[in-house]
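S.K.: What follows is a single structure, and I will ask about it in a moment.
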There are 2 protein chains.
Amino acid sequence: MKGTVGELGEFGLIREMTSRLTTTPAVRLGPGDDAAVVTAPDRRVVVSTDVLVEGRHFRRDWSTAYDVGRKGAAQNLADIAAMGAVPTALVLGLVVPATLPATWAIELMDGLRDECQVAGAAVVGGDLVRGDTITVAITALGDMRNQEPVVRSGARPGDVVAVTGWLGWSAAGHAVLSRGFRSPRAFVEAHRRPEPPYHAGPAAAALGATSMTDVSDGLIADLGHIAEASNVRINLVSGKVDVPSQMYDIGQAVGVDPLQWVLTGGEDHAIVATFPPDVKLPARWKVIGEVLHPSARPEVTVDGAPWTRAGGWDHFGGDEGDDGIETPGRG
Amino acid sequence: MKGTVGELGEFGLIREMTSRLTTTPAVRLGPGDDAAVVTAPDRRVVVSTDVLVEGRHFRRDWSTAYDVGRKGAAQNLADIAAMGAVPTALVLGLVVPATLPATWAIELMDGLRDECQVAGAAVVGGDLVRGDTITVAITALGDMRNQEPVVRSGARPGDVVAVTGWLGWSAAGHAVLSRGFRSPRAFVEAHRRPEPPYHAGPAAAALGATSMTDVSDGLIADLGHIAEASNVRINLVSGKVDVPSQMYDIGQAVGVDPLQWVLTGGEDHAIVATFPPDVKLPARWKVIGEVLHPSARPEVTVDGAPWTRAGGWDHFGGDEGDDGIETPGRG
């Protein structure tokens, strides 16, 4: 596939992109009509949407189109899993400059397709328009499979807090890339392509999780949403939070305490949930804290005290430069 | 609400935007969690997505934020209706510059909400990110209500072609606005805020429609998709296509045959369908042509001959200037 998006034309590019897709039994009608049709056996559909903008959520010199596709799909599919649902489908709204090589859009679609396959879902449709800035808008759907959605507001004092998946790896990879390095590769790869534990979402619902979310903004920030919605205090025990030994080396090299990455780094899309205290959790879940009655107001504490170092953030706040990439965070 | 998006901050703006939303019984879980949950009584969900980019699909000096919201919702909800489904929900991915007045985003949401209400749906979630160009990515969901989806590939020789809704009004309004005028208001308003005949979609399915689409690119272009998918020729009878008398005045003023607007103007989101020849159509449907065996290849003809004047188009083709707004077309 040679040439730019403009040379190939809208319909030619759409044909190339859709010809590469795979399907699943849930897809009753795929791309090519006014809308797609996907099964919703539970009679309820779970839906979540996210937008990635070039220069803010990804950089073409740091990530391939394929990686952007994997990552964009992952963050949406993780939102579905974090409700306790099984992802079924994804649609793509794509803005591309006419001068963009057509292969970029096609490889993006390959990435979306492959990440969907990991989660058991399929790309079922999209829209392609021209614009100056590459913008990737993704909406994912899922099915509850007769479980009740696990919302953020269900945490109760006495519950335990447990997490599964990667924490801080994407932030460490971002720190490496920001300083112009390309290794250690494990962290760089984690930043380029997160691996959310999709199956853990429905499994947590079956285990009786009282609240759940995926870690897109950072562990403390996302637990903050649960604390607020549930009106509780959540206390993390730093000694129970795994900090991989390799992270210490990078931390030392760049002058960051790696615990900060683990507690505040986003975009790994780990899944964190609260469970009743008597729950028996499989080994993949690590208990890292507990739910308490709120003191003055809902909050997240670490070893009993508020976390005063960097963490949590606001897309429109003053803490990012106009030209900068967002620190790893919510996508 | 004073101040810019940057001053209000992401969470403040999201709070303002979601506080204005209304709900429906289909919404089991609205905004504020990892994902929303919407009923899908039919056990199938219909999904469609569209992206609008400022400067290409709308202009802030031509349309208010409220109108952009109405229009953006309308074009997505019309896609759902054109499958024969009933719209249930919509999610919004919004890219906004930090310098944008916060009221713009809030009024956009008001427009989305109100158009959803017209169609019986509700806004259930979204994502808000910062970027240089206002970009509005919308995904709509719908329920089939135990009917089969009416796809583009079902037209058969002998079927009649019928349309309901507005045709060419948005294109005429675009022509007026492009020349710096603000009236006649009926056409300008039609360009700013289409009124798709949502209920006609499911009704057409119940009447036995064999194929259906909404007119987003223009009647000939969209029927072309049906002709191609169904491998048929579709012949329109120009004398049966209503050209409103007021359109002739504008046409004369700007030097355009108004029939061209009616046959090739998009964005009104009329619904066009094919039906078996013995169908008894309610008065709202106007029969404008017939389905024939293809001659050499699938095509749309007008009074037996190919339409050789302007019509149909390609987002990435050379027929639009880099700075221009797209001619009324698919959004």
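In the structure tokens, each chain is lettered A, B, ... as it comes, each chain's residues begin at 1, and ligands are numbered from 1 in order of appearance.
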Should the cut-off be 8 Å, what would the residue list for chain A against chain B look like, counting only C-alpha atoms, as an NGL selection string?
M.R.: :A and (5-7 or 9-11 or 33-53 or 56 or 79-80 or 82-83 or 91-95 or 98 or 125-131 or 133 or 137 or 139 or 149 or 151-152 or 213-214 or 314-317)
S.K.: Quick one: residues within 7 Å of segment 114-116 of chain B, only C-alpha atoms, excluding same-chain residues fewer than 4 positions away - as a PyMOL selection string?
M.R.: chain B and resi 70+73-74+110+120-122
S.K.: I'd like the interatomic distance between atom CA of Pro25 of chain B and atom CA of Gly201 of chain B, to a tenth of an Å.
M.R.: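 Distance between the two atoms: 21.4 Å.
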S.K.: DSSP says strand (DSSP E) for which residues of segment 139-289 of chain A? Put them as a short mmCIF file (atom, residue, chain, number, x, y, z; two decimals) with N, CA, C and O atoms, in the first residue's frame?
M.R.:
data_model
loop_
_atom_site.label_atom_id
_atom_site.label_comp_id
_atom_site.auth_asym_id
_atom_site.auth_seq_id
_atom_site.Cartn_x
_atom_site.Cartn_y
_atom_site.Cartn_z
N THR A 139 -15.14 3.87 20.46
CA THR A 139 -16.24 3.50 21.35
C THR A 139 -16.29 1.99 21.43
O THR A 139 -16.27 1.31 20.40
N ALA A 140 -16.31 1.46 22.64
CA ALA A 140 -16.36 0.01 22.84
C ALA A 140 -17.68 -0.39 23.48
O ALA A 140 -18.27 0.37 24.26
N LEU A 141 -18.13 -1.59 23.11
CA LEU A 141 -19.36 -2.15 23.67
C LEU A 141 -19.04 -3.46 24.38
O LEU A 141 -18.07 -4.13 24.06
N GLY A 142 -19.89 -3.81 25.32
CA GLY A 142 -19.71 -5.08 26.02
C GLY A 142 -21.02 -5.63 26.55
O GLY A 142 -22.05 -4.94 26.54
N ASP A 143 -20.94 -6.85 26.99
CA ASP A 143 -22.12 -7.57 27.48
C ASP A 143 -21.90 -7.98 28.94
O ASP A 143 -20.83 -8.48 29.29
N VAL A 160 -11.66 -5.05 51.39
CA VAL A 160 -10.25 -5.00 51.02
C VAL A 160 -10.11 -4.41 49.62
O VAL A 160 -11.04 -4.49 48.81
N VAL A 161 -8.95 -3.81 49.35
CA VAL A 161 -8.65 -3.27 48.02
C VAL A 161 -7.63 -4.19 47.37
O VAL A 161 -6.60 -4.50 47.98
N ALA A 162 -7.94 -4.64 46.15
CA ALA A 162 -7.02 -5.55 45.47
C ALA A 162 -6.84 -5.11 44.03
O ALA A 162 -7.73 -4.50 43.43
N VAL A 163 -5.69 -5.45 43.47
CA VAL A 163 -5.36 -5.01 42.13
C VAL A 163 -4.78 -6.19 41.34
O VAL A 163 -4.16 -7.09 41.91
N THR A 164 -5.01 -6.16 40.02
CA THR A 164 -4.38 -7.13 39.14
C THR A 164 -3.97 -6.44 37.85
O THR A 164 -4.65 -5.52 37.41
N SER A 211 -16.81 -2.66 44.24
CA SER A 211 -16.56 -1.52 43.35
C SER A 211 -15.36 -1.88 42.49
O SER A 211 -14.56 -2.76 42.86
N MET A 212 -15.24 -1.22 41.36
CA MET A 212 -14.14 -1.59 40.46
C MET A 212 -13.90 -0.45 39.47
O MET A 212 -14.81 0.26 39.09
N THR A 213 -12.64 -0.33 39.05
CA THR A 213 -12.30 0.59 37.96
C THR A 213 -11.00 0.12 37.33
O THR A 213 -10.27 -0.69 37.93
N ASP A 214 -10.70 0.59 36.13
CA ASP A 214 -9.38 0.30 35.59
C ASP A 214 -8.48 1.49 35.89
O ASP A 214 -8.96 2.62 36.07
N ARG A 233 -12.95 6.31 52.91
CA ARG A 233 -11.52 6.53 52.79
C ARG A 233 -10.90 5.22 52.34
O ARG A 233 -11.32 4.14 52.79
N ILE A 234 -9.96 5.30 51.45
CA ILE A 234 -9.24 4.11 51.02
C ILE A 234 -7.79 4.28 51.45
O ILE A 234 -7.16 5.29 51.11
N ASN A 235 -7.28 3.35 52.22
CA ASN A 235 -5.89 3.42 52.67
C ASN A 235 -5.06 2.32 52.00
O ASN A 235 -5.40 1.13 52.07
N LEU A 236 -4.01 2.76 51.33
CA LEU A 236 -3.09 1.81 50.70
C LEU A 236 -1.90 1.57 51.61
O LEU A 236 -1.44 2.50 52.29
N ILE A 271 -6.57 -3.47 36.76
CA ILE A 271 -7.93 -3.39 37.30
C ILE A 271 -7.84 -3.44 38.82
O ILE A 271 -7.18 -4.31 39.39
N VAL A 272 -8.47 -2.45 39.45
CA VAL A 272 -8.46 -2.38 40.91
C VAL A 272 -9.91 -2.47 41.39
O VAL A 272 -10.80 -1.87 40.78
N ALA A 273 -10.10 -3.23 42.45
CA ALA A 273 -11.47 -3.46 42.92
C ALA A 273 -11.48 -3.58 44.42
O ALA A 273 -10.44 -3.83 45.05
N THR A 274 -12.64 -3.38 45.01
CA THR A 274 -12.83 -3.64 46.43
C THR A 274 -13.70 -4.88 46.57
O THR A 274 -14.59 -5.13 45.75
N PHE A 275 -13.38 -5.66 47.60
CA PHE A 275 -14.10 -6.91 47.84
C PHE A 275 -14.47 -7.00 49.33
O PHE A 275 -13.78 -6.42 50.17
N LYS A 286 -3.75 -8.97 44.12
CA LYS A 286 -2.86 -8.60 45.20
C LYS A 286 -3.60 -7.61 46.10
O LYS A 286 -4.03 -6.54 45.62
N VAL A 287 -3.77 -7.97 47.37
CA VAL A 287 -4.43 -7.04 48.30
C VAL A 287 -3.44 -5.95 48.68
O VAL A 287 -2.32 -6.24 49.13
N ILE A 288 -3.83 -4.70 48.50
CA ILE A 288 -2.90 -3.58 48.72
C ILE A 288 -3.45 -2.54 49.69
O ILE A 288 -2.80 -1.53 49.94
N GLY A 289 -4.63 -2.78 50.24
CA GLY A 289 -5.16 -1.77 51.17
C GLY A 289 -6.55 -2.12 51.64
O GLY A 289 -7.04 -3.24 51.40
#
S.K.: Have a look at B:Val176, B:Ala155, B:Val188, B:Ala206 and name the one nearest to Pro294 of chain B; count only C-alpha atoms.
M.R.: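 Closest residue, counting only C-alpha atoms: B:Ala155.
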S.K.: Report, in Å to a single decimal, how far apart atom CA of Val300 of chain B and atom CA of Gly158 of chain B are.
M.R.: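 It comes out at 14.7 Å.
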S.K.: Can you tell me how far atom CA of Ser19 of chain B sits from atom CA of Ser63 of chain B, in Å to one decimal?
M.R.: 23.6 Å
S.K.: Counting only C-alpha atoms, which residue out of A:Trp261, A:Trp307, A:Tyr248, A:Tyr198 sits closest to Pro87 of chain A?
M.R.: A:Tyr198
